[in-house]
Amino acid sequence: MSAPDLTVIIPAKNGAQYLGTLFRSLERQFRDGERAQIIFVNDGSTDHTERVLEDHAGVFDDFTVIRNERSVGLASGRNMGLREARGEYVVFLDGDDWLPDGQIRTVLDAARRLDVDFVRCDHTRVEGTKRELRRAPMAIRDRALPPRAGILPAYDSTMVDYPFAWAGIFHRRLLDNALLYFPEGFMTAEDRSWIWNLHLHAESFAVVDSPGVCYRRGVSGSLTQILDVRQLDFIRAFEGIFDLVAEDTFADLYWPKATRNWLAILEHQAKRFASSPADIRAKFASGARRASARVPFDVLREEFRRSRPDRQALVHRYLPQPGLLVKDIVK
């Protein structure tokens with residue numbers, strides 16, 4: 001039996017109210033004769049997800065459900081799907097996303113036409129009745145590029161700042177080369193080191209215009225809406241990024257970008273965790289200092305100096321030699 005054209009991997013927990021919309025949009029994506037393998041990872045759902053799956057199982061010719069009694073999170077759920085994937089290409093979706101007509105067809109055609117390892121695209125951010133197009137930060141479109149072209153410049157938003165796994169399509173050779181797997185066990189921030197790994201080690205990519213995945217924000221029960229210890233995975237994510245950069249032949253070129261990103265996210269998270277319980281604030285502080293210590297100090301010092309005063313005031317306590325850094329900026 002030949003491989004399917006495409007594998008769609010959908011991990012979800014307690015997303016029953018959104019799955020009907022997702023599956024109906026998925027039905028409309030494929031041409032006659034195209035074969036898609038749909039892998040749904042039911043990640044410890046306690047709502048009526050199973051009933052929705054039963055209702056839609058017969059709609060797709062190749063439909064697999066992986067059931068987790070206890071939730072393992074988005075990263076490990078995607079990895080479970082990847083281990084079962086047979087398609088020439090892979091698409092990731094979240095359970096509360098949906099697809100405009102033509103979305104998969106557009107990125108699949110582009111991936112084949114341009115013969116690249118992966119294709120990225122824009123998306124539509126959905127909050128209630130509000131719709132907002134979010135463009136992937138790459139001006140050069142519909143052209144095969146080296147993935148490292150999506151990392152720099154350090155002081156602009158680039159493709160490594162656009163880590164969303166569901167905004168694109170990926171050739172199977174990335175899976176065969178172990179580049180598609182996510183950091184196991186991450187509950188949040190699983191895509192940050194993942195996207196850096198792709199841009200450092202894949203051979204080709206492109207950004208194309210497409211209808212764009214509809215991505216819901218502000219969903220009740222989403223981990224993005226819950227502030228607890230799971231949100232601290234962003235620290236481990238950046239430690240993974242720092243490891244990738246440190247091992248790279250052109251580390252000196254990429255350290256400023258990775259460091260600037262770290263300081264920006266550290267500022268954002270410091271504000272979020274400011275009102276957390278004392279034990280979580282302590283874990284945040286120790287983890288942030290541990291991660292910051294991985295950055296070459298001369299790079300960290302320079303990027304701290306370039307930061308806005310309000311960022312400097314907030315993050316200096318989580319950096320090595322904070323007293324020295326403060327002296328630098330008050331001279």
# chains A, B, ... in the order shown; residues from 1 in each chain; ligands from 1
$ residues_around --residues "A:Ile39" --least-positions-apart "5" --cutoff "10 Å" --atoms "only C-alpha atoms" --output "list in words"
Thr7, Val8, Ile9, Ile10, Pro11, Asp62, Phe63, Thr64, Val65, Ile66, Arg78, Met80, Gly81, Leu82, Glu84, Ala85 and Phe92 of chain A
$ write_last_selection --atoms "N, CA, C and O atoms" --output "mmCIF file, in the first residue's frame"
data_model
loop_
_atom_site.group_PDB
_atom_site.id
_atom_site.type_symbol
_atom_site.label_atom_id
_atom_site.label_comp_id
_atom_site.auth_asym_id
_atom_site.auth_seq_id
_atom_site.Cartn_x
_atom_site.Cartn_y
_atom_site.Cartn_z
ATOM 1 N N THR A 7 -0.240 13.374 6.227
ATOM 2 C CA THR A 7 -0.684 12.994 7.567
ATOM 3 C C THR A 7 -1.041 14.263 8.337
ATOM 4 O O THR A 7 -0.249 15.216 8.366
ATOM 5 N N VAL A 8 -2.225 14.278 8.932
ATOM 6 C CA VAL A 8 -2.664 15.395 9.768
ATOM 7 C C VAL A 8 -2.684 14.910 11.212
ATOM 8 O O VAL A 8 -3.381 13.939 11.536
ATOM 9 N N ILE A 9 -1.929 15.572 12.084
ATOM 10 C CA ILE A 9 -1.805 15.164 13.483
ATOM 11 C C ILE A 9 -2.507 16.192 14.361
ATOM 12 O O ILE A 9 -2.192 17.384 14.310
ATOM 13 N N ILE A 10 -3.475 15.712 15.165
ATOM 14 C CA ILE A 10 -4.316 16.604 15.967
ATOM 15 C C ILE A 10 -4.350 16.108 17.414
ATOM 16 O O ILE A 10 -5.148 15.236 17.761
ATOM 17 N N PRO A 11 -3.498 16.635 18.294
ATOM 18 C CA PRO A 11 -3.636 16.305 19.715
ATOM 19 C C PRO A 11 -4.623 17.275 20.366
ATOM 20 O O PRO A 11 -4.624 18.468 20.064
ATOM 21 N N ASP A 62 -8.936 7.023 6.369
ATOM 22 C CA ASP A 62 -7.773 6.606 7.160
ATOM 23 C C ASP A 62 -7.751 7.454 8.429
ATOM 24 O O ASP A 62 -7.176 8.537 8.470
ATOM 25 N N PHE A 63 -8.419 6.976 9.477
ATOM 26 C CA PHE A 63 -8.639 7.755 10.689
ATOM 27 C C PHE A 63 -8.205 6.924 11.892
ATOM 28 O O PHE A 63 -8.762 5.860 12.158
ATOM 29 N N THR A 64 -7.186 7.409 12.602
ATOM 30 C CA THR A 64 -6.636 6.702 13.757
ATOM 31 C C THR A 64 -6.796 7.559 15.001
ATOM 32 O O THR A 64 -6.535 8.771 14.960
ATOM 33 N N VAL A 65 -7.217 6.931 16.091
ATOM 34 C CA VAL A 65 -7.300 7.627 17.375
ATOM 35 C C VAL A 65 -6.315 6.986 18.342
ATOM 36 O O VAL A 65 -6.332 5.768 18.550
ATOM 37 N N ILE A 66 -5.440 7.800 18.908
ATOM 38 C CA ILE A 66 -4.543 7.380 19.977
ATOM 39 C C ILE A 66 -5.127 7.924 21.271
ATOM 40 O O ILE A 66 -5.403 9.125 21.374
ATOM 41 N N ARG A 78 1.989 15.264 19.970
ATOM 42 C CA ARG A 78 2.431 15.367 18.577
ATOM 43 C C ARG A 78 3.456 14.289 18.253
ATOM 44 O O ARG A 78 3.433 13.704 17.166
ATOM 45 N N MET A 80 3.700 11.343 19.543
ATOM 46 C CA MET A 80 2.989 10.077 19.385
ATOM 47 C C MET A 80 2.403 9.971 17.984
ATOM 48 O O MET A 80 2.469 8.918 17.346
ATOM 49 N N GLY A 81 1.830 11.066 17.490
ATOM 50 C CA GLY A 81 1.305 11.072 16.135
ATOM 51 C C GLY A 81 2.396 10.907 15.095
ATOM 52 O O GLY A 81 2.222 10.179 14.104
ATOM 53 N N LEU A 82 3.530 11.555 15.300
ATOM 54 C CA LEU A 82 4.637 11.449 14.346
ATOM 55 C C LEU A 82 5.142 10.017 14.225
ATOM 56 O O LEU A 82 5.532 9.575 13.133
ATOM 57 N N GLU A 84 3.437 7.437 14.253
ATOM 58 C CA GLU A 84 2.482 6.656 13.457
ATOM 59 C C GLU A 84 2.299 7.226 12.048
ATOM 60 O O GLU A 84 1.571 6.654 11.245
ATOM 61 N N ALA A 85 2.951 8.329 11.745
ATOM 62 C CA ALA A 85 2.712 9.025 10.482
ATOM 63 C C ALA A 85 3.283 8.245 9.302
ATOM 64 O O ALA A 85 4.428 7.801 9.338
ATOM 65 N N PHE A 92 0.276 19.780 11.285
ATOM 66 C CA PHE A 92 -0.166 19.768 12.681
ATOM 67 C C PHE A 92 -1.363 20.696 12.835
ATOM 68 O O PHE A 92 -1.391 21.789 12.266
#
$ closest_atom_pairs --of "stretch 10-117 of chain A" --to "stretch 133-149 of chain A" --cutoff "8 Å" --atoms "only C-alpha atoms" --output "Markdown table"
| residue | atom | partner | partner_atom | distance |
| --- | --- | --- | --- | --- |
| A:Ala110 | CA | A:Asp142 | CA | 7.6 |
| A:Leu114 | CA | A:Ala144 | CA | 6.0 |
| A:Asp115 | CA | A:Ala144 | CA | 7.8 |
| A:Val116 | CA | A:Ala144 | CA | 6.4 |
$ write_last_selection --atoms "C-alpha atoms" --output "JSON list (two decimals), in the first residue's frame"
[["chain", "number", "residue", "atom", "x", "y", "z"],
["A", 110, "ALA", "CA", 3.54, 24.98, -2.78],
["A", 114, "LEU", "CA", 9.03, 24.49, -4.68],
["A", 115, "ASP", "CA", 10.41, 21.10, -3.51],
["A", 116, "VAL", "CA", 11.33, 22.40, -0.03]]
$ residues_around --residues "stretch 173-190 of chain A" --least-positions-apart "3" --cutoff "10 Å" --atoms "only C-alpha atoms" --output "short mmCIF file (atom, residue, chain, number, x, y, z; two decimals) with C-alpha atoms, in the first residue's frame"
data_model
loop_
_atom_site.label_atom_id
_atom_site.label_comp_id
_atom_site.auth_asym_id
_atom_site.auth_seq_id
_atom_site.Cartn_x
_atom_site.Cartn_y
_atom_site.Cartn_z
CA SER A 71 -2.70 13.89 29.54
CA VAL A 72 0.88 13.99 28.25
CA GLY A 73 0.70 17.47 26.73
CA LEU A 74 0.91 18.89 23.24
CA ALA A 75 4.58 18.10 22.58
CA SER A 76 4.41 14.43 23.54
CA GLY A 77 1.01 14.09 21.86
CA ARG A 78 2.43 15.37 18.58
CA ASN A 79 5.38 13.00 18.94
CA MET A 80 2.99 10.08 19.38
CA GLY A 81 1.31 11.07 16.13
CA LEU A 82 4.64 11.45 14.35
CA ARG A 83 5.61 7.91 15.28
CA ALA A 85 2.71 9.02 10.48
CA GLU A 88 4.68 12.16 2.40
CA TYR A 89 3.89 15.44 4.17
CA VAL A 90 2.83 16.27 7.73
CA ASP A 117 11.60 20.72 3.35
CA PHE A 118 8.88 22.89 4.84
CA PRO A 163 7.11 29.14 15.94
CA PHE A 164 3.51 27.96 15.37
CA ALA A 165 3.71 24.35 14.19
CA PHE A 170 6.50 19.60 6.52
CA SER A 193 13.49 25.27 20.36
CA TRP A 194 11.72 23.15 17.71
CA ILE A 195 11.56 26.04 15.24
CA ASN A 197 16.22 23.41 15.23
CA LEU A 198 14.39 23.43 11.89
CA HIS A 201 19.35 22.08 10.36
CA ALA A 202 16.79 21.74 7.54
CA GLU A 203 17.96 22.36 3.98
CA LEU A 223 -2.82 26.48 29.06
CA THR A 224 -2.20 29.95 27.63
CA VAL A 229 4.33 25.79 37.02
CA ARG A 230 3.71 24.38 33.53
CA GLN A 231 4.30 27.84 32.09
CA LEU A 232 7.88 27.64 33.32
CA ASP A 233 8.68 25.35 30.40
CA PHE A 234 9.65 28.51 28.53
CA ILE A 235 12.87 28.42 30.56
CA ARG A 236 13.73 24.91 29.42
CA ALA A 237 12.78 25.92 25.89
CA PHE A 238 15.37 28.69 25.85
CA GLY A 240 17.34 24.19 24.39
#
$ residues_around --residues "A:Glu132" --least-positions-apart "3" --cutoff "10 Å" --atoms "only C-alpha atoms" --output "number ranges by chain"
A: 123-127, 135, 214-215
$ write_last_selection --atoms "N, CA and C atoms" --output "mmCIF file, in the first residue's frame"
data_model
loop_
_atom_site.group_PDB
_atom_site.id
_atom_site.type_symbol
_atom_site.label_atom_id
_atom_site.label_comp_id
_atom_site.auth_asym_id
_atom_site.auth_seq_id
_atom_site.Cartn_x
_atom_site.Cartn_y
_atom_site.Cartn_z
ATOM 1 N N HIS A 123 -1.555 33.216 9.392
ATOM 2 C CA HIS A 123 -2.707 32.638 10.073
ATOM 3 C C HIS A 123 -3.677 33.743 10.482
ATOM 4 N N THR A 124 -4.879 33.331 10.818
ATOM 5 C CA THR A 124 -5.896 34.262 11.294
ATOM 6 C C THR A 124 -6.104 34.042 12.784
ATOM 7 N N ARG A 125 -5.890 35.092 13.547
ATOM 8 C CA ARG A 125 -6.091 35.012 14.998
ATOM 9 C C ARG A 125 -7.547 35.326 15.304
ATOM 10 N N VAL A 126 -8.186 34.441 16.049
ATOM 11 C CA VAL A 126 -9.615 34.539 16.332
ATOM 12 C C VAL A 126 -9.815 34.734 17.828
ATOM 13 N N GLU A 127 -10.457 35.814 18.204
ATOM 14 C CA GLU A 127 -10.847 36.056 19.596
ATOM 15 C C GLU A 127 -12.310 36.455 19.599
ATOM 16 N N ARG A 135 0.631 37.945 9.753
ATOM 17 C CA ARG A 135 1.501 37.529 8.668
ATOM 18 C C ARG A 135 2.809 36.943 9.195
ATOM 19 N N CYS A 214 -7.160 29.176 11.086
ATOM 20 C CA CYS A 214 -7.880 30.006 12.053
ATOM 21 C C CYS A 214 -7.533 29.507 13.457
ATOM 22 N N TYR A 215 -6.828 30.343 14.201
ATOM 23 C CA TYR A 215 -6.270 29.982 15.497
ATOM 24 C C TYR A 215 -7.005 30.736 16.601
#
$ atom_distance --atom1 "atom CA of A:Pro256" --atom2 "atom CA of A:Arg272"
24.5 Å
$ closest_residue --among "A:Leu314, A:Leu244, A:Leu26, A:Ala36" --to "A:Ala3" --atoms "only C-alpha atoms"
A:Ala36
$ select_by_dssp --residues "stretch 48-190 of chain A" --states "strand (DSSP E or B)" --output "PyMOL selection string"
chain A and resi 62-68+89-92+98+118-127+130-134+145+168-171
$ write_last_selection --atoms "N, CA, C and O atoms" --output "short mmCIF file (atom, residue, chain, number, x, y, z; two decimals), in the first residue's frame"
data_model
loop_
_atom_site.label_atom_id
_atom_site.label_comp_id
_atom_site.auth_asym_id
_atom_site.auth_seq_id
_atom_site.Cartn_x
_atom_site.Cartn_y
_atom_site.Cartn_z
N ASP A 62 -8.94 7.02 6.37
CA ASP A 62 -7.77 6.61 7.16
C ASP A 62 -7.75 7.45 8.43
O ASP A 62 -7.18 8.54 8.47
N PHE A 63 -8.42 6.98 9.48
CA PHE A 63 -8.64 7.75 10.69
C PHE A 63 -8.21 6.92 11.89
O PHE A 63 -8.76 5.86 12.16
N THR A 64 -7.19 7.41 12.60
CA THR A 64 -6.64 6.70 13.76
C THR A 64 -6.80 7.56 15.00
O THR A 64 -6.53 8.77 14.96
N VAL A 65 -7.22 6.93 16.09
CA VAL A 65 -7.30 7.63 17.37
C VAL A 65 -6.31 6.99 18.34
O VAL A 65 -6.33 5.77 18.55
N ILE A 66 -5.44 7.80 18.91
CA ILE A 66 -4.54 7.38 19.98
C ILE A 66 -5.13 7.92 21.27
O ILE A 66 -5.40 9.12 21.37
N ARG A 67 -5.32 7.06 22.24
CA ARG A 67 -5.98 7.46 23.49
C ARG A 67 -4.99 7.43 24.65
O ARG A 67 -4.37 6.40 24.92
N ASN A 68 -4.87 8.56 25.33
CA ASN A 68 -4.06 8.66 26.53
C ASN A 68 -4.98 8.75 27.74
O ASN A 68 -5.81 9.66 27.81
N TYR A 89 3.83 14.15 3.48
CA TYR A 89 3.89 15.44 4.17
C TYR A 89 3.13 15.33 5.49
O TYR A 89 2.26 14.47 5.65
N VAL A 90 3.46 16.25 6.41
CA VAL A 90 2.83 16.27 7.73
C VAL A 90 2.29 17.67 8.01
O VAL A 90 2.96 18.68 7.72
N VAL A 91 1.07 17.72 8.54
CA VAL A 91 0.45 18.96 9.00
C VAL A 91 0.05 18.77 10.46
O VAL A 91 -0.46 17.70 10.83
N PHE A 92 0.28 19.78 11.29
CA PHE A 92 -0.17 19.77 12.68
C PHE A 92 -1.36 20.70 12.84
O PHE A 92 -1.39 21.79 12.27
N TRP A 98 -9.44 25.71 13.07
CA TRP A 98 -10.16 25.22 11.89
C TRP A 98 -9.51 25.79 10.65
O TRP A 98 -8.67 26.69 10.71
N PHE A 118 10.10 22.44 4.17
CA PHE A 118 8.88 22.89 4.84
C PHE A 118 8.42 24.22 4.30
O PHE A 118 9.22 24.99 3.73
N VAL A 119 7.13 24.45 4.44
CA VAL A 119 6.48 25.68 3.99
C VAL A 119 5.78 26.30 5.19
O VAL A 119 5.11 25.61 5.96
N ARG A 120 5.93 27.62 5.35
CA ARG A 120 5.22 28.34 6.40
C ARG A 120 4.22 29.30 5.76
O ARG A 120 4.38 29.70 4.61
N CYS A 121 3.20 29.68 6.53
CA CYS A 121 2.15 30.54 5.99
C CYS A 121 1.61 31.46 7.09
O CYS A 121 1.93 31.30 8.27
N ASP A 122 0.77 32.39 6.70
CA ASP A 122 0.12 33.30 7.64
C ASP A 122 -0.97 32.54 8.41
O ASP A 122 -1.29 31.39 8.12
N HIS A 123 -1.56 33.22 9.39
CA HIS A 123 -2.71 32.64 10.07
C HIS A 123 -3.68 33.74 10.48
O HIS A 123 -3.34 34.93 10.47
N THR A 124 -4.88 33.33 10.82
CA THR A 124 -5.90 34.26 11.29
C THR A 124 -6.10 34.04 12.78
O THR A 124 -6.42 32.93 13.22
N ARG A 125 -5.89 35.09 13.55
CA ARG A 125 -6.09 35.01 15.00
C ARG A 125 -7.55 35.33 15.30
O ARG A 125 -8.09 36.35 14.86
N VAL A 126 -8.19 34.44 16.05
CA VAL A 126 -9.61 34.54 16.33
C VAL A 126 -9.81 34.73 17.83
O VAL A 126 -9.38 33.91 18.64
N GLU A 127 -10.46 35.81 18.20
CA GLU A 127 -10.85 36.06 19.60
C GLU A 127 -12.31 36.45 19.60
O GLU A 127 -12.64 37.58 19.21
N LYS A 130 -13.85 38.54 16.71
CA LYS A 130 -12.80 39.33 16.08
C LYS A 130 -11.88 38.44 15.26
O LYS A 130 -11.50 37.36 15.69
N ARG A 131 -11.51 38.90 14.06
CA ARG A 131 -10.59 38.19 13.18
C ARG A 131 -9.44 39.12 12.82
O ARG A 131 -9.65 40.27 12.43
N GLU A 132 -8.20 38.62 12.94
CA GLU A 132 -7.04 39.44 12.63
C GLU A 132 -6.00 38.60 11.91
O GLU A 132 -5.54 37.57 12.42
N LEU A 133 -5.61 39.01 10.70
CA LEU A 133 -4.59 38.31 9.95
C LEU A 133 -3.22 38.58 10.56
O LEU A 133 -2.84 39.73 10.77
N ARG A 134 -2.49 37.51 10.88
CA ARG A 134 -1.13 37.63 11.38
C ARG A 134 -0.18 37.07 10.31
O ARG A 134 -0.20 35.88 10.01
N LEU A 145 14.20 28.96 -0.07
CA LEU A 145 15.25 29.70 0.64
C LEU A 145 15.99 28.76 1.58
O LEU A 145 15.44 27.75 2.04
N GLY A 168 1.80 25.72 8.64
CA GLY A 168 2.67 25.25 7.58
C GLY A 168 2.50 23.77 7.29
O GLY A 168 1.56 23.11 7.74
N ILE A 169 3.45 23.24 6.52
CA ILE A 169 3.45 21.84 6.12
C ILE A 169 4.90 21.37 6.04
O ILE A 169 5.80 22.17 5.72
N PHE A 170 5.15 20.10 6.33
CA PHE A 170 6.50 19.60 6.52
C PHE A 170 6.70 18.29 5.77
O PHE A 170 5.88 17.38 5.87
N HIS A 171 7.80 18.20 5.03
CA HIS A 171 8.07 16.99 4.26
C HIS A 171 8.53 15.87 5.18
O HIS A 171 9.19 16.10 6.20
#
$ closest_residue --among "A:Ala16, A:Val213, A:Val315, A:Ile151" --to "A:Gln103" --atoms "only C-alpha atoms"
A:Val213
$ residues_around --residues "A:Ala274" --least-positions-apart "4" --cutoff "12 Å" --atoms "only C-alpha atoms" --output "short mmCIF file (atom, residue, chain, number, x, y, z; two decimals) with N, CA and C atoms, in the first residue's frame"
data_model
loop_
_atom_site.label_atom_id
_atom_site.label_comp_id
_atom_site.auth_asym_id
_atom_site.auth_seq_id
_atom_site.Cartn_x
_atom_site.Cartn_y
_atom_site.Cartn_z
N LEU A 227 -1.93 30.21 34.57
CA LEU A 227 -0.58 30.52 35.01
C LEU A 227 -0.22 29.60 36.17
N ASP A 228 0.57 28.59 35.88
CA ASP A 228 1.06 27.71 36.93
C ASP A 228 2.45 27.23 36.52
N LEU A 266 11.67 36.98 28.82
CA LEU A 266 11.88 37.04 30.27
C LEU A 266 11.13 38.22 30.87
N GLU A 267 11.16 39.36 30.21
CA GLU A 267 10.41 40.51 30.68
C GLU A 267 8.91 40.20 30.73
N HIS A 268 8.40 39.62 29.64
CA HIS A 268 6.96 39.29 29.57
C HIS A 268 6.57 38.33 30.69
N GLN A 269 7.36 37.29 30.89
CA GLN A 269 7.02 36.28 31.89
C GLN A 269 7.22 36.81 33.30
N ALA A 270 8.19 37.67 33.50
CA ALA A 270 8.38 38.26 34.84
C ALA A 270 7.15 39.06 35.26
N ALA A 278 4.58 32.32 46.19
CA ALA A 278 6.01 32.48 46.45
C ALA A 278 6.84 31.32 45.92
N ASP A 279 6.32 30.08 46.04
CA ASP A 279 7.12 28.93 45.60
C ASP A 279 7.30 28.94 44.08
N ILE A 280 6.29 29.38 43.34
CA ILE A 280 6.42 29.45 41.88
C ILE A 280 7.35 30.59 41.48
N ARG A 281 7.25 31.72 42.19
CA ARG A 281 8.16 32.83 41.90
C ARG A 281 9.61 32.42 42.15
N ALA A 282 9.84 31.61 43.17
CA ALA A 282 11.20 31.15 43.46
C ALA A 282 11.71 30.23 42.35
N PHE A 284 10.66 30.29 39.26
CA PHE A 284 10.87 31.17 38.11
C PHE A 284 12.24 31.84 38.21
N ALA A 285 12.55 32.40 39.35
CA ALA A 285 13.80 33.14 39.51
C ALA A 285 15.02 32.23 39.35
N LEU A 314 13.41 45.42 34.98
CA LEU A 314 12.65 44.23 35.37
C LEU A 314 13.49 42.96 35.35
N VAL A 315 14.41 42.82 34.38
CA VAL A 315 15.07 41.53 34.19
C VAL A 315 16.45 41.44 34.82
#
$ residues_around --residues "A:His48" --least-positions-apart "5" --cutoff "12 Å" --atoms "only C-alpha atoms" --output "ChimeraX atom specification"
/A:13-20,42,53-55
$ closest_residue --among "A:Asp298, A:Glu34, A:Asp94, A:Asp191" --to "A:Leu325" --atoms "only C-alpha atoms"
A:Asp298
$ select_by_dssp --residues "stretch 36-180 of chain A" --states "alpha helix (DSSP H)" --output "number ranges by chain"
A: 49-56, 73-84, 103-114, 172-176
$ closest_residue --among "A:Ser210, A:Asp248, A:His316, A:Ala258" --to "A:Asp109" --atoms "only C-alpha atoms"
A:Ser210
$ closest_residue --among "A:Thr21, A:Asp47, A:Gly287, A:Asp5" --to "A:Arg35" --atoms "only C-alpha atoms"
A:Asp5
$ residues_around --residues "stretch 250-254 of chain A" --least-positions-apart "6" --cutoff "12 Å" --atoms "only C-alpha atoms" --output "count of residues only"
22
$ atom_distance --atom1 "atom CA of A:Ala12" --atom2 "atom CA of A:Asp43"
5.7 Å
$ decode --residues "stretch 69-86 of chain A" --atoms "N, CA and C atoms" --output "PDB file, in the first residue's frame"
ATOM      1  N   GLU A  69      -4.826   7.834  28.656  1.00  0.00           N
ATOM      2  CA  GLU A  69      -5.650   7.873  29.861  1.00  0.00           C
ATOM      3  C   GLU A  69      -5.353   9.123  30.673  1.00  0.00           C
ATOM      4  N   ARG A  70      -4.076   9.500  30.705  1.00  0.00           N
ATOM      5  CA  ARG A  70      -3.667  10.734  31.370  1.00  0.00           C
ATOM      6  C   ARG A  70      -3.010  11.643  30.350  1.00  0.00           C
ATOM      7  N   SER A  71      -3.228  12.930  30.503  1.00  0.00           N
ATOM      8  CA  SER A  71      -2.696  13.893  29.542  1.00  0.00           C
ATOM      9  C   SER A  71      -1.169  13.910  29.569  1.00  0.00           C
ATOM     10  N   VAL A  72      -0.575  13.912  28.365  1.00  0.00           N
ATOM     11  CA  VAL A  72       0.878  13.990  28.250  1.00  0.00           C
ATOM     12  C   VAL A  72       1.318  15.336  27.683  1.00  0.00           C
ATOM     13  N   GLY A  73       0.367  16.164  27.254  1.00  0.00           N
ATOM     14  CA  GLY A  73       0.704  17.474  26.727  1.00  0.00           C
ATOM     15  C   GLY A  73       0.861  17.484  25.221  1.00  0.00           C
ATOM     16  N   LEU A  74       0.895  18.695  24.687  1.00  0.00           N
ATOM     17  CA  LEU A  74       0.905  18.887  23.241  1.00  0.00           C
ATOM     18  C   LEU A  74       2.160  18.324  22.591  1.00  0.00           C
ATOM     19  N   ALA A  75       3.331  18.558  23.189  1.00  0.00           N
ATOM     20  CA  ALA A  75       4.580  18.103  22.584  1.00  0.00           C
ATOM     21  C   ALA A  75       4.618  16.581  22.462  1.00  0.00           C
ATOM     22  N   SER A  76       4.370  15.897  23.574  1.00  0.00           N
ATOM     23  CA  SER A  76       4.415  14.434  23.544  1.00  0.00           C
ATOM     24  C   SER A  76       3.279  13.864  22.702  1.00  0.00           C
ATOM     25  N   GLY A  77       2.112  14.531  22.706  1.00  0.00           N
ATOM     26  CA  GLY A  77       1.011  14.090  21.861  1.00  0.00           C
ATOM     27  C   GLY A  77       1.373  14.166  20.392  1.00  0.00           C
ATOM     28  N   ARG A  78       1.989  15.264  19.970  1.00  0.00           N
ATOM     29  CA  ARG A  78       2.431  15.367  18.577  1.00  0.00           C
ATOM     30  C   ARG A  78       3.456  14.289  18.253  1.00  0.00           C
ATOM     31  N   ASN A  79       4.372  14.035  19.183  1.00  0.00           N
ATOM     32  CA  ASN A  79       5.377  13.001  18.938  1.00  0.00           C
ATOM     33  C   ASN A  79       4.740  11.630  18.777  1.00  0.00           C
ATOM     34  N   MET A  80       3.700  11.343  19.543  1.00  0.00           N
ATOM     35  CA  MET A  80       2.989  10.077  19.385  1.00  0.00           C
ATOM     36  C   MET A  80       2.403   9.971  17.984  1.00  0.00           C
ATOM     37  N   GLY A  81       1.830  11.066  17.490  1.00  0.00           N
ATOM     38  CA  GLY A  81       1.305  11.072  16.135  1.00  0.00           C
ATOM     39  C   GLY A  81       2.396  10.907  15.095  1.00  0.00           C
ATOM     40  N   LEU A  82       3.530  11.555  15.300  1.00  0.00           N
ATOM     41  CA  LEU A  82       4.637  11.449  14.346  1.00  0.00           C
ATOM     42  C   LEU A  82       5.142  10.017  14.225  1.00  0.00           C
ATOM     43  N   ARG A  83       5.127   9.290  15.328  1.00  0.00           N
ATOM     44  CA  ARG A  83       5.609   7.911  15.276  1.00  0.00           C
ATOM     45  C   ARG A  83       4.678   7.005  14.473  1.00  0.00           C
ATOM     46  N   GLU A  84       3.437   7.437  14.253  1.00  0.00           N
ATOM     47  CA  GLU A  84       2.482   6.656  13.457  1.00  0.00           C
ATOM     48  C   GLU A  84       2.299   7.226  12.048  1.00  0.00           C
ATOM     49  N   ALA A  85       2.951   8.329  11.745  1.00  0.00           N
ATOM     50  CA  ALA A  85       2.712   9.025  10.482  1.00  0.00           C
ATOM     51  C   ALA A  85       3.283   8.245   9.302  1.00  0.00           C
ATOM     52  N   ARG A  86       2.485   8.150   8.232  1.00  0.00           N
ATOM     53  CA  ARG A  86       2.913   7.470   7.018  1.00  0.00           C
ATOM     54  C   ARG A  86       2.927   8.403   5.805  1.00  0.00           C
TER      55      ARG A  86
END
